[in-house]
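Dumped coords.tsv below, it's TSV, C-alpha atoms and all ligand atoms:
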chain	number	residue	atom	x	y	z
C	205	MET	CA	-8.91	77.01	-27.03
C	206	ARG	CA	-9.94	74.03	-24.98
C	207	ASN	CA	-11.40	70.78	-26.17
C	208	ILE	CA	-10.39	68.47	-23.31
C	209	VAL	CA	-10.31	69.30	-19.62
C	210	ALA	CA	-8.98	66.34	-17.65
C	211	GLY	CA	-8.73	65.98	-13.88
C	212	ASN	CA	-6.22	63.86	-12.00
C	213	TRP	CA	-7.13	63.08	-8.41
C	214	LYS	CA	-3.77	61.37	-7.76
C	215	SER	CA	-3.95	59.42	-4.44
C	216	ASN	CA	-6.88	61.36	-3.02
C	217	LYS	CA	-10.53	60.67	-2.10
C	218	SER	CA	-12.44	57.83	-0.52
C	219	ILE	CA	-14.84	55.83	-2.68
C	220	SER	CA	-17.81	57.72	-1.26
C	221	GLU	CA	-16.16	61.06	-2.05
C	222	ALA	CA	-15.43	59.77	-5.56
C	223	ARG	CA	-19.08	58.75	-6.04
C	224	GLU	CA	-20.24	62.14	-4.77
C	225	TRP	CA	-17.94	63.97	-7.21
C	226	MET	CA	-19.23	61.90	-10.14
C	227	LEU	CA	-22.79	62.67	-9.12
C	228	GLU	CA	-22.17	66.42	-8.82
C	229	MET	CA	-20.18	66.58	-12.02
C	230	GLY	CA	-22.73	64.42	-13.83
C	231	LYS	CA	-25.49	66.86	-12.90
C	232	ALA	CA	-23.39	69.82	-14.02
C	233	MET	CA	-22.54	68.23	-17.38
C	234	VAL	CA	-25.71	69.58	-19.03
C	235	ASN	CA	-24.44	73.11	-18.42
C	236	MET	CA	-20.88	72.50	-19.58
C	237	PRO	CA	-19.80	73.76	-23.00
C	238	GLN	CA	-20.74	70.96	-25.39
C	239	ASP	CA	-17.50	71.16	-27.36
C	240	VAL	CA	-15.34	70.33	-24.32
C	241	LYS	CA	-14.60	66.73	-23.41
C	242	VAL	CA	-14.44	66.18	-19.65
C	243	MET	CA	-12.16	63.47	-18.30
C	244	ILE	CA	-11.31	62.33	-14.79
C	245	ALA	CA	-8.54	60.05	-13.57
C	246	PRO	CA	-9.60	58.49	-10.24
C	247	PRO	CA	-7.45	56.15	-8.13
C	248	ALA	CA	-7.26	52.65	-9.64
C	249	PRO	CA	-9.52	50.86	-7.10
C	250	TYR	CA	-12.47	53.02	-8.19
C	251	LEU	CA	-12.05	52.72	-11.93
C	252	SER	CA	-14.27	49.75	-12.55
C	253	GLU	CA	-17.18	51.15	-10.60
C	254	LEU	CA	-16.93	54.68	-11.99
C	255	ALA	CA	-16.34	53.57	-15.57
C	256	GLY	CA	-19.23	51.08	-15.38
C	257	GLY	CA	-21.67	53.47	-13.70
C	258	LYS	CA	-23.67	56.45	-14.88
C	259	ARG	CA	-21.14	58.69	-16.57
C	260	ASN	CA	-23.11	61.53	-18.15
C	261	GLY	CA	-20.48	61.78	-20.85
C	262	ILE	CA	-17.51	61.97	-18.48
C	263	LEU	CA	-14.48	60.11	-19.82
C	264	ILE	CA	-12.63	57.91	-17.34
C	265	ALA	CA	-8.85	57.63	-17.31
C	266	SER	CA	-6.51	55.46	-15.31
C	267	GLN	CA	-3.55	57.23	-13.68
C	268	ASN	CA	-1.28	54.36	-14.64
C	269	VAL	CA	-1.09	51.14	-16.67
C	270	SER	CA	1.29	48.20	-16.79
C	271	SER	CA	4.06	48.07	-19.35
C	272	PHE	CA	3.41	44.32	-19.57
C	273	SER	CA	0.55	42.28	-20.92
C	274	GLU	CA	-1.05	39.70	-18.64
C	275	GLY	CA	1.13	37.33	-16.66
C	276	ALA	CA	2.91	36.94	-13.34
C	277	TYR	CA	3.29	40.65	-12.50
C	278	THR	CA	1.91	41.09	-8.99
C	279	GLY	CA	0.23	44.41	-8.46
C	280	GLU	CA	0.16	45.42	-12.10
C	281	PHE	CA	-2.97	45.99	-14.19
C	282	THR	CA	-2.95	45.81	-17.94
C	283	ALA	CA	-4.35	48.01	-20.68
C	284	GLU	CA	-6.67	45.14	-21.69
C	285	MET	CA	-8.07	44.98	-18.13
C	286	LEU	CA	-8.74	48.70	-18.14
C	287	VAL	CA	-10.55	48.47	-21.48
C	288	SER	CA	-12.63	45.55	-20.18
C	289	CYS	CA	-13.74	47.78	-17.27
C	290	GLY	CA	-14.84	50.54	-19.65
C	291	VAL	CA	-11.89	52.85	-19.01
C	292	ASP	CA	-11.22	55.21	-21.93
C	293	PHE	CA	-7.69	56.52	-21.36
C	294	ALA	CA	-4.55	55.98	-19.30
C	295	LEU	CA	-2.15	58.69	-18.18
C	296	VAL	CA	1.31	57.56	-19.18
C	297	GLY	CA	4.61	59.04	-18.03
C	298	HIS	CA	3.28	61.45	-15.42
C	299	SER	CA	6.27	63.18	-13.81
C	300	GLU	CA	5.33	61.79	-10.38
C	301	ARG	CA	5.54	58.26	-11.80
C	302	ARG	CA	8.85	59.08	-13.45
C	303	ALA	CA	10.36	60.75	-10.36
C	304	ASP	CA	8.87	58.73	-7.49
C	305	PHE	CA	8.43	55.28	-9.05
C	306	GLY	CA	11.45	55.05	-11.32
C	307	GLU	CA	9.53	55.06	-14.56
C	308	THR	CA	12.04	55.33	-17.37
C	309	ASP	CA	11.55	56.54	-20.94
C	310	GLU	CA	11.75	52.91	-22.00
C	311	MET	CA	8.91	51.90	-19.65
C	312	VAL	CA	6.86	54.86	-20.83
C	313	ALA	CA	7.30	53.77	-24.45
C	314	LYS	CA	6.22	50.21	-23.59
C	315	LYS	CA	3.14	51.52	-21.80
C	316	VAL	CA	2.20	53.63	-24.82
C	317	ARG	CA	2.55	50.53	-27.00
C	318	ARG	CA	0.39	48.40	-24.66
C	319	CYS	CA	-2.35	51.03	-24.63
C	320	LEU	CA	-2.41	51.49	-28.40
C	321	ASP	CA	-2.43	47.73	-28.98
C	322	SER	CA	-5.46	47.46	-26.68
C	323	ASN	CA	-7.31	50.48	-28.08
C	324	LEU	CA	-6.93	52.36	-24.82
C	325	GLY	CA	-6.41	56.10	-25.30
C	326	VAL	CA	-3.14	57.57	-24.03
C	327	VAL	CA	-2.59	60.87	-22.26
C	328	LEU	CA	1.15	61.07	-22.72
C	329	CYS	CA	2.73	63.37	-20.15
C	330	CYS	CA	5.99	65.19	-20.69
C	331	GLY	CA	7.71	68.03	-18.89
C	332	GLU	CA	11.07	69.48	-17.96
C	333	ASN	CA	12.39	70.08	-14.45
C	334	LEU	CA	13.41	73.47	-13.09
C	335	PHE	CA	17.10	72.88	-13.79
C	336	SER	CA	16.42	72.20	-17.48
C	337	ARG	CA	14.13	75.24	-17.68
C	338	ASP	CA	16.74	77.49	-16.05
C	339	GLU	CA	19.37	76.16	-18.46
C	340	GLY	CA	17.03	76.85	-21.37
C	341	ASN	CA	16.95	73.16	-22.33
C	342	GLN	CA	13.21	72.63	-22.10
C	343	GLU	CA	12.74	71.95	-25.81
C	344	SER	CA	15.43	69.31	-26.02
C	345	VAL	CA	14.09	67.56	-22.90
C	346	ILE	CA	10.58	67.44	-24.33
C	347	LYS	CA	11.86	66.32	-27.71
C	348	ALA	CA	13.79	63.43	-26.15
C	349	GLN	CA	10.79	62.35	-24.06
C	350	LEU	CA	8.42	62.44	-27.02
C	351	MET	CA	10.84	60.78	-29.46
C	352	SER	CA	11.27	57.91	-27.06
C	353	ALA	CA	7.63	57.54	-25.99
C	354	LEU	CA	6.34	57.66	-29.56
C	355	GLU	CA	8.97	55.45	-31.11
C	356	GLY	CA	7.30	52.98	-33.43
C	357	VAL	CA	3.92	54.70	-33.14
C	358	GLY	CA	2.27	54.93	-36.56
C	359	LEU	CA	0.53	57.93	-38.09
C	360	GLU	CA	-2.95	56.42	-37.73
C	361	GLU	CA	-2.30	55.37	-34.15
C	362	MET	CA	-1.88	59.01	-33.13
C	363	THR	CA	-5.69	59.37	-33.08
C	364	GLY	CA	-5.43	57.52	-29.75
C	365	VAL	CA	-2.85	59.88	-28.25
C	366	VAL	CA	-3.32	63.11	-26.33
C	367	VAL	CA	-0.15	64.92	-25.22
C	368	ALA	CA	0.01	66.72	-21.86
C	369	TYR	CA	2.79	69.26	-21.35
C	370	GLU	CA	3.39	69.56	-17.62
C	371	PRO	CA	6.47	71.52	-16.54
C	372	ILE	CA	7.55	69.72	-13.36
C	373	TRP	CA	8.33	73.00	-11.61
C	374	ALA	CA	4.68	74.00	-11.99
C	375	ILE	CA	3.07	70.79	-10.70
C	376	GLY	CA	1.49	71.20	-7.29
C	377	THR	CA	3.74	74.18	-6.57
C	378	GLY	CA	1.32	77.01	-7.22
C	379	ARG	CA	3.89	78.33	-9.66
C	380	THR	CA	2.18	78.26	-13.05
C	381	ALA	CA	3.91	78.62	-16.37
C	382	SER	CA	3.05	81.96	-17.93
C	383	ALA	CA	0.60	81.87	-20.80
C	384	GLN	CA	3.51	82.76	-23.06
C	385	GLN	CA	5.71	79.93	-21.76
C	386	ALA	CA	2.85	77.48	-22.26
C	387	ALA	CA	2.11	78.83	-25.74
C	388	GLU	CA	5.77	78.54	-26.78
C	389	MET	CA	6.11	74.96	-25.58
C	390	HIS	CA	2.81	73.87	-27.10
C	391	PHE	CA	3.85	75.43	-30.39
C	392	TYR	CA	7.12	73.54	-30.12
C	393	ILE	CA	5.32	70.23	-29.40
C	394	ARG	CA	2.96	70.75	-32.34
C	395	SER	CA	5.91	71.47	-34.63
C	396	PHE	CA	7.60	68.33	-33.34
C	397	LEU	CA	4.48	66.26	-34.11
C	398	SER	CA	4.31	67.79	-37.57
C	399	GLU	CA	7.91	66.82	-38.28
C	400	ARG	CA	7.73	63.38	-36.68
C	401	PHE	CA	4.31	62.46	-38.14
C	402	SER	CA	2.50	64.92	-40.40
C	403	GLY	CA	0.85	68.32	-40.41
C	404	ASP	CA	-2.54	66.63	-40.10
C	405	VAL	CA	-1.48	64.62	-37.05
C	406	ALA	CA	-0.05	67.75	-35.48
C	407	ALA	CA	-3.26	69.68	-36.11
C	408	GLU	CA	-5.51	66.90	-34.82
C	409	THR	CA	-3.58	65.93	-31.68
C	410	SER	CA	-4.81	67.59	-28.51
C	411	ILE	CA	-2.02	69.10	-26.43
C	412	LEU	CA	-3.04	69.82	-22.83
C	413	TYR	CA	-1.28	72.06	-20.33
C	414	GLY	CA	-0.83	70.88	-16.73
C	415	GLY	CA	0.68	72.48	-13.65
C	416	SER	CA	-1.13	74.58	-11.03
C	417	CYS	CA	-3.99	75.31	-13.39
C	418	LYS	CA	-6.99	76.85	-11.63
C	419	PRO	CA	-10.11	78.89	-12.41
C	420	SER	CA	-8.21	82.19	-12.12
C	421	ASN	CA	-5.58	81.30	-14.73
C	422	ALA	CA	-7.28	78.72	-16.99
C	423	LYS	CA	-8.69	81.17	-19.51
C	424	GLU	CA	-5.36	82.89	-20.03
C	425	LEU	CA	-3.40	79.63	-20.19
C	426	PHE	CA	-5.85	78.10	-22.66
C	427	SER	CA	-5.95	81.20	-24.85
C	428	SER	CA	-3.14	80.06	-27.13
C	429	PRO	CA	-4.31	78.25	-30.28
C	430	ASP	CA	-1.86	75.46	-29.44
C	431	VAL	CA	-3.21	74.84	-25.93
C	432	ASP	CA	-6.13	72.44	-26.35
C	433	GLY	CA	-7.12	72.18	-22.72
C	434	GLY	CA	-5.69	71.14	-19.40
C	435	LEU	CA	-4.70	68.33	-17.09
C	436	ILE	CA	-5.72	69.50	-13.66
C	437	GLY	CA	-4.50	68.05	-10.37
C	438	GLY	CA	-5.38	69.88	-7.14
C	439	ALA	CA	-8.10	72.00	-8.71
C	440	SER	CA	-9.99	68.93	-9.94
C	441	LEU	CA	-10.67	67.60	-6.44
C	442	GLU	CA	-13.70	69.83	-5.87
C	443	SER	CA	-16.15	69.36	-8.71
C	444	SER	CA	-17.36	72.98	-8.37
C	445	VAL	CA	-13.81	74.30	-8.88
C	446	PHE	CA	-13.19	71.91	-11.77
C	447	GLN	CA	-16.43	73.08	-13.41
C	448	LYS	CA	-15.22	76.67	-13.28
C	449	ILE	CA	-12.10	75.71	-15.20
C	450	ILE	CA	-14.21	74.02	-17.87
C	451	GLU	CA	-16.51	77.04	-18.06
C	452	PHE	CA	-13.72	79.65	-17.96
C	453	ASP	CA	-15.33	81.11	-14.88
C	454	SER	CA	-12.60	82.84	-12.89
C	455	SER	CA	-14.80	83.85	-9.95
C	456	LEU	CA	-14.01	82.27	-6.60
C	501	LIG	P1	-1.54	70.33	-10.26
C	501	LIG	O1	-1.17	68.90	-10.91
C	501	LIG	O2	-2.68	70.88	-11.08
C	501	LIG	O3	-1.96	70.01	-8.84
C	501	LIG	O4	-0.33	71.17	-10.35
C	501	LIG	C1	-1.18	68.70	-12.28
C	501	LIG	C2	-0.82	67.29	-12.62
C	501	LIG	O5	0.06	66.72	-11.96
C	501	LIG	O6	-1.39	66.69	-13.54

Structure re-expressed in C-alpha cells:
Amino acid sequence: MRNIVAGNWKSNKSISEAREWMLEMGKAMVNMPQDVKVMIAPPAPYLSELAGGKRNGILIASQNVSSFSEGAYTGEFTAEMLVSCGVDFALVGHSERRADFGETDEMVAKKVRRCLDSNLGVVLCCGENLFSRDEGNQESVIKAQLMSALEGVGLEEMTGVVVAYEPIWAIGTGRTASAQQAAEMHFYIRSFLSERFSGDVAAETSILYGGSCKPSNAKELFSSPDVDGGLIGGASLESSVFQKIIEFDSSL
C-alpha cells in the first residue's frame, strides 16, 4: 500500500534546480495515482518560494524545525514561521539530525510539540542503528524513540503525525531493509500506536519506510499492509526517478 510518497533532498540542489524539479513534478502530477499524496522536503532557504508558488497538489515539508518558539535563537526557524510560509509538514528526528547535529530524544519531543501547537504536520522519523539491529534490539529502540517523541501527544493530535521508519543502516547505503524486515517493523510500530493511543489512531496513522528506496524495490517494500508509503532521499533528487517510485514503475 502507499498513500504518501515523500522526498527529502537533504542539502542538495540550487534554487534553479529546485524550481525545475517542481515544474517537472507539477506537470507529472496529473498522471500520478490520485490516491497517493506527494510530498517534498527542500532545503530551508527554498521553502517560502516553493510553498508559496504553484504546487499542483505537492505537499511541502521542512527538513527541520526549531524546538523553541520565537525569540533570541539565532539561526533557528519556528513551526509558526513555516506555517506562515505555507509549509505543510516538518521532518522531525531524522537520523542525520540526531547523529550529526546532536538532536536528542528530548529535543525531538519538543519539536513535535511545537509543530502540533502550530498546526504543522509532523513526519516523525525513527530508526535503529546497525549495532541494535545485529543485537536484535530494533523494537526496543523504536519503542523508546516513539514513547519519548510522542509523550504528551493526545489522541486527536495524532491526525497531524506521520511516522517514518528509517533503519539507519539502510539510509544512503544502498542496503535496503528486506520487505519482510520492513513489514515486521511497521507491524510493530502500528501495534505500539494501538497500545499507546487506540486502534483507530493506529489504523489511521501513515507509517512510511525510508532507506535506499528506489524504483526497483519500492513496489516490494510497499507491499505490506502496514507500509503506507516511503520517505525517499537520493532517489527523490531526479523527478523522473521519484515519479517511478510513486507509480510503482520499476523500469530504469
Ligand atoms: P535514502 O535516504 O533514500 O537516500 O537512503 C532516506 C532518508 O534519509 O530519508

Q: Within 10 Å of segment 385-397 of chain C, counting only C-alpha atoms, which residues show up once you throw out same-chain ones fewer than 4 positions away? Write them as a ChimeraX atom specification, please.
A: /C:331,342-343,346-347,350-351,354,362,367-371,380-381,401-414,425-432

Q: Collect all residues with atoms no farther than 10 Å from ligand LIG 501 (chain C), counting all atoms listed in the file, and output them as JSON, numbers by chain.
A: {"C": [210, 211, 212, 213, 214, 245, 267, 295, 298, 299, 300, 329, 368, 369, 370, 371, 372, 373, 374, 375, 376, 377, 378, 379, 380, 412, 413, 414, 415, 416, 417, 418, 434, 435, 436, 437, 438, 439, 440, 441]}

Next, write the just-selected residues to a file, as a compact mmCIF listing (two decimals), keeping the file's coordinate frame, keeping C-alpha atoms as the atom set.
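Done, and the output landed in again-v8.txt:
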# COMPACT_ATOMS: atom_id res chain seq x y z
CA ALA C 210 -8.98 66.34 -17.65
CA GLY C 211 -8.73 65.98 -13.88
CA ASN C 212 -6.22 63.86 -12.00
CA TRP C 213 -7.13 63.08 -8.41
CA LYS C 214 -3.77 61.37 -7.76
CA ALA C 245 -8.54 60.05 -13.57
CA GLN C 267 -3.55 57.23 -13.68
CA LEU C 295 -2.15 58.69 -18.18
CA HIS C 298 3.28 61.45 -15.42
CA SER C 299 6.27 63.18 -13.81
CA GLU C 300 5.33 61.79 -10.38
CA CYS C 329 2.73 63.37 -20.15
CA ALA C 368 0.01 66.72 -21.86
CA TYR C 369 2.79 69.26 -21.35
CA GLU C 370 3.39 69.56 -17.62
CA PRO C 371 6.47 71.52 -16.54
CA ILE C 372 7.55 69.72 -13.36
CA TRP C 373 8.33 73.00 -11.61
CA ALA C 374 4.68 74.00 -11.99
CA ILE C 375 3.07 70.79 -10.70
CA GLY C 376 1.49 71.20 -7.29
CA THR C 377 3.74 74.18 -6.57
CA GLY C 378 1.32 77.01 -7.22
CA ARG C 379 3.89 78.33 -9.66
CA THR C 380 2.18 78.26 -13.05
CA LEU C 412 -3.04 69.82 -22.83
CA TYR C 413 -1.28 72.06 -20.33
CA GLY C 414 -0.83 70.88 -16.73
CA GLY C 415 0.68 72.48 -13.65
CA SER C 416 -1.13 74.58 -11.03
CA CYS C 417 -3.99 75.31 -13.39
CA LYS C 418 -6.99 76.85 -11.63
CA GLY C 434 -5.69 71.14 -19.40
CA LEU C 435 -4.70 68.33 -17.09
CA ILE C 436 -5.72 69.50 -13.66
CA GLY C 437 -4.50 68.05 -10.37
CA GLY C 438 -5.38 69.88 -7.14
CA ALA C 439 -8.10 72.00 -8.71
CA SER C 440 -9.99 68.93 -9.94
CA LEU C 441 -10.67 67.60 -6.44

Q | Minimum-distance residue to Ser252 of chain C, chosen among C:Asn235, C:Cys289, C:Phe281, C:Ser322 (using all atoms listed in the file) | A | C:Cys289

Would you compute an axis-aligned box for segment 260-279 of chain C, covering every atom listed for it in the file with 8 Å of margin on each side, and report centre and edge lengths in Å to one decimal as AutoDock Vina command-line options?
--center_x -9.5 --center_y 49.5 --center_z -14.7 --size_x 43.2 --size_y 41.0 --size_z 28.5

Q: Using all atoms listed in the file, pick whichever of C:Glu332, C:Ala348, C:Ile244, C:Leu324 has the shortest atom-to-atom distance to Glu361 of chain C.
A: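 Closest candidate: C:Leu324.
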
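In this model, the gap between atom CA of Lys231 of chain C and atom CA of Leu254 of chain C comes to 14.9 Å.
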
Q) Which distance in Å separates atom CA of Gln238 of chain C and atom CA of Ser444 of chain C, to one decimal? A) 17.5 Å

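In this comparison, which uses only C-alpha atoms, the residue of C:Ala303, C:Val240, C:Ala255, C:Met285 approaching Arg206 of chain C most closely is C:Val240.
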
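When only C-alpha atoms are used to compute distances to Met229 of chain C, the closest of the residues C:Gly261, C:Pro249, C:Ala283, C:Val296 turns out to be C:Gly261.
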
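Between Gln349 of chain C and the candidates C:Gly297, C:Gly306, C:Gly364, C:Gly279, the tightest atom-to-atom separation, counting all atoms listed in the file, involves C:Gly297.
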
Q: Excluding Asp239 of chain C and any residue of its chain fewer than 2 positions from it, enumerate the residues within 7 Å of it, using all atoms listed in the file, and give them as a ChimeraX atom specification.
A: /C:207,237,241

Reconstruct N, CA, C and O atoms of segment 296-313 of chain C from the incomplete input and present them as a PDB file, in the coordinates of the input.
ATOM      1  N   VAL C 296       0.045  58.282 -19.055  1.00  0.00           N
ATOM      2  CA  VAL C 296       1.310  57.560 -19.180  1.00  0.00           C
ATOM      3  C   VAL C 296       2.457  58.562 -19.022  1.00  0.00           C
ATOM      4  O   VAL C 296       2.444  59.630 -19.637  1.00  0.00           O
ATOM      5  N   GLY C 297       3.411  58.204 -18.173  1.00  0.00           N
ATOM      6  CA  GLY C 297       4.610  59.040 -18.030  1.00  0.00           C
ATOM      7  C   GLY C 297       4.424  60.284 -17.195  1.00  0.00           C
ATOM      8  O   GLY C 297       5.190  61.255 -17.348  1.00  0.00           O
ATOM      9  N   HIS C 298       3.428  60.286 -16.299  1.00  0.00           N
ATOM     10  CA  HIS C 298       3.280  61.450 -15.420  1.00  0.00           C
ATOM     11  C   HIS C 298       4.598  61.662 -14.657  1.00  0.00           C
ATOM     12  O   HIS C 298       5.245  60.697 -14.241  1.00  0.00           O
ATOM     13  N   SER C 299       4.960  62.911 -14.433  1.00  0.00           N
ATOM     14  CA  SER C 299       6.270  63.180 -13.810  1.00  0.00           C
ATOM     15  C   SER C 299       6.387  62.561 -12.418  1.00  0.00           C
ATOM     16  O   SER C 299       7.478  62.212 -11.987  1.00  0.00           O
ATOM     17  N   GLU C 300       5.250  62.431 -11.710  1.00  0.00           N
ATOM     18  CA  GLU C 300       5.330  61.790 -10.380  1.00  0.00           C
ATOM     19  C   GLU C 300       5.658  60.306 -10.511  1.00  0.00           C
ATOM     20  O   GLU C 300       6.343  59.733  -9.670  1.00  0.00           O
ATOM     21  N   ARG C 301       5.190  59.668 -11.555  1.00  0.00           N
ATOM     22  CA  ARG C 301       5.540  58.260 -11.800  1.00  0.00           C
ATOM     23  C   ARG C 301       7.016  58.167 -12.200  1.00  0.00           C
ATOM     24  O   ARG C 301       7.723  57.272 -11.781  1.00  0.00           O
ATOM     25  N   ARG C 302       7.446  59.119 -13.019  1.00  0.00           N
ATOM     26  CA  ARG C 302       8.850  59.080 -13.450  1.00  0.00           C
ATOM     27  C   ARG C 302       9.777  59.326 -12.248  1.00  0.00           C
ATOM     28  O   ARG C 302      10.763  58.626 -12.057  1.00  0.00           O
ATOM     29  N   ALA C 303       9.445  60.341 -11.437  1.00  0.00           N
ATOM     30  CA  ALA C 303      10.360  60.750 -10.360  1.00  0.00           C
ATOM     31  C   ALA C 303      10.267  59.843  -9.136  1.00  0.00           C
ATOM     32  O   ALA C 303      11.278  59.499  -8.534  1.00  0.00           O
ATOM     33  N   ASP C 304       9.041  59.441  -8.762  1.00  0.00           N
ATOM     34  CA  ASP C 304       8.870  58.730  -7.490  1.00  0.00           C
ATOM     35  C   ASP C 304       8.826  57.214  -7.640  1.00  0.00           C
ATOM     36  O   ASP C 304       8.950  56.487  -6.665  1.00  0.00           O
ATOM     37  N   PHE C 305       8.579  56.728  -8.864  1.00  0.00           N
ATOM     38  CA  PHE C 305       8.430  55.280  -9.050  1.00  0.00           C
ATOM     39  C   PHE C 305       9.377  54.741 -10.117  1.00  0.00           C
ATOM     40  O   PHE C 305       9.169  53.652 -10.648  1.00  0.00           O
ATOM     41  N   GLY C 306      10.377  55.525 -10.433  1.00  0.00           N
ATOM     42  CA  GLY C 306      11.450  55.050 -11.320  1.00  0.00           C
ATOM     43  C   GLY C 306      11.015  54.708 -12.729  1.00  0.00           C
ATOM     44  O   GLY C 306      11.614  53.843 -13.375  1.00  0.00           O
ATOM     45  N   GLU C 307       9.977  55.371 -13.208  1.00  0.00           N
ATOM     46  CA  GLU C 307       9.530  55.060 -14.560  1.00  0.00           C
ATOM     47  C   GLU C 307      10.486  55.685 -15.582  1.00  0.00           C
ATOM     48  O   GLU C 307      10.678  56.899 -15.590  1.00  0.00           O
ATOM     49  N   THR C 308      11.062  54.850 -16.390  1.00  0.00           N
ATOM     50  CA  THR C 308      12.040  55.330 -17.370  1.00  0.00           C
ATOM     51  C   THR C 308      11.356  55.622 -18.706  1.00  0.00           C
ATOM     52  O   THR C 308      10.215  55.204 -18.939  1.00  0.00           O
ATOM     53  N   ASP C 309      12.082  56.290 -19.591  1.00  0.00           N
ATOM     54  CA  ASP C 309      11.550  56.540 -20.940  1.00  0.00           C
ATOM     55  C   ASP C 309      11.189  55.231 -21.623  1.00  0.00           C
ATOM     56  O   ASP C 309      10.208  55.146 -22.355  1.00  0.00           O
ATOM     57  N   GLU C 310      11.994  54.214 -21.372  1.00  0.00           N
ATOM     58  CA  GLU C 310      11.750  52.910 -22.000  1.00  0.00           C
ATOM     59  C   GLU C 310      10.420  52.313 -21.511  1.00  0.00           C
ATOM     60  O   GLU C 310       9.631  51.793 -22.304  1.00  0.00           O
ATOM     61  N   MET C 311      10.176  52.412 -20.205  1.00  0.00           N
ATOM     62  CA  MET C 311       8.910  51.900 -19.650  1.00  0.00           C
ATOM     63  C   MET C 311       7.733  52.714 -20.208  1.00  0.00           C
ATOM     64  O   MET C 311       6.680  52.150 -20.524  1.00  0.00           O
ATOM     65  N   VAL C 312       7.928  54.001 -20.304  1.00  0.00           N
ATOM     66  CA  VAL C 312       6.860  54.860 -20.830  1.00  0.00           C
ATOM     67  C   VAL C 312       6.511  54.433 -22.267  1.00  0.00           C
ATOM     68  O   VAL C 312       5.342  54.281 -22.620  1.00  0.00           O
ATOM     69  N   ALA C 313       7.535  54.182 -23.055  1.00  0.00           N
ATOM     70  CA  ALA C 313       7.300  53.770 -24.450  1.00  0.00           C
ATOM     71  C   ALA C 313       6.562  52.429 -24.501  1.00  0.00           C
ATOM     72  O   ALA C 313       5.653  52.232 -25.322  1.00  0.00           O
TER      73      ALA C 313
END
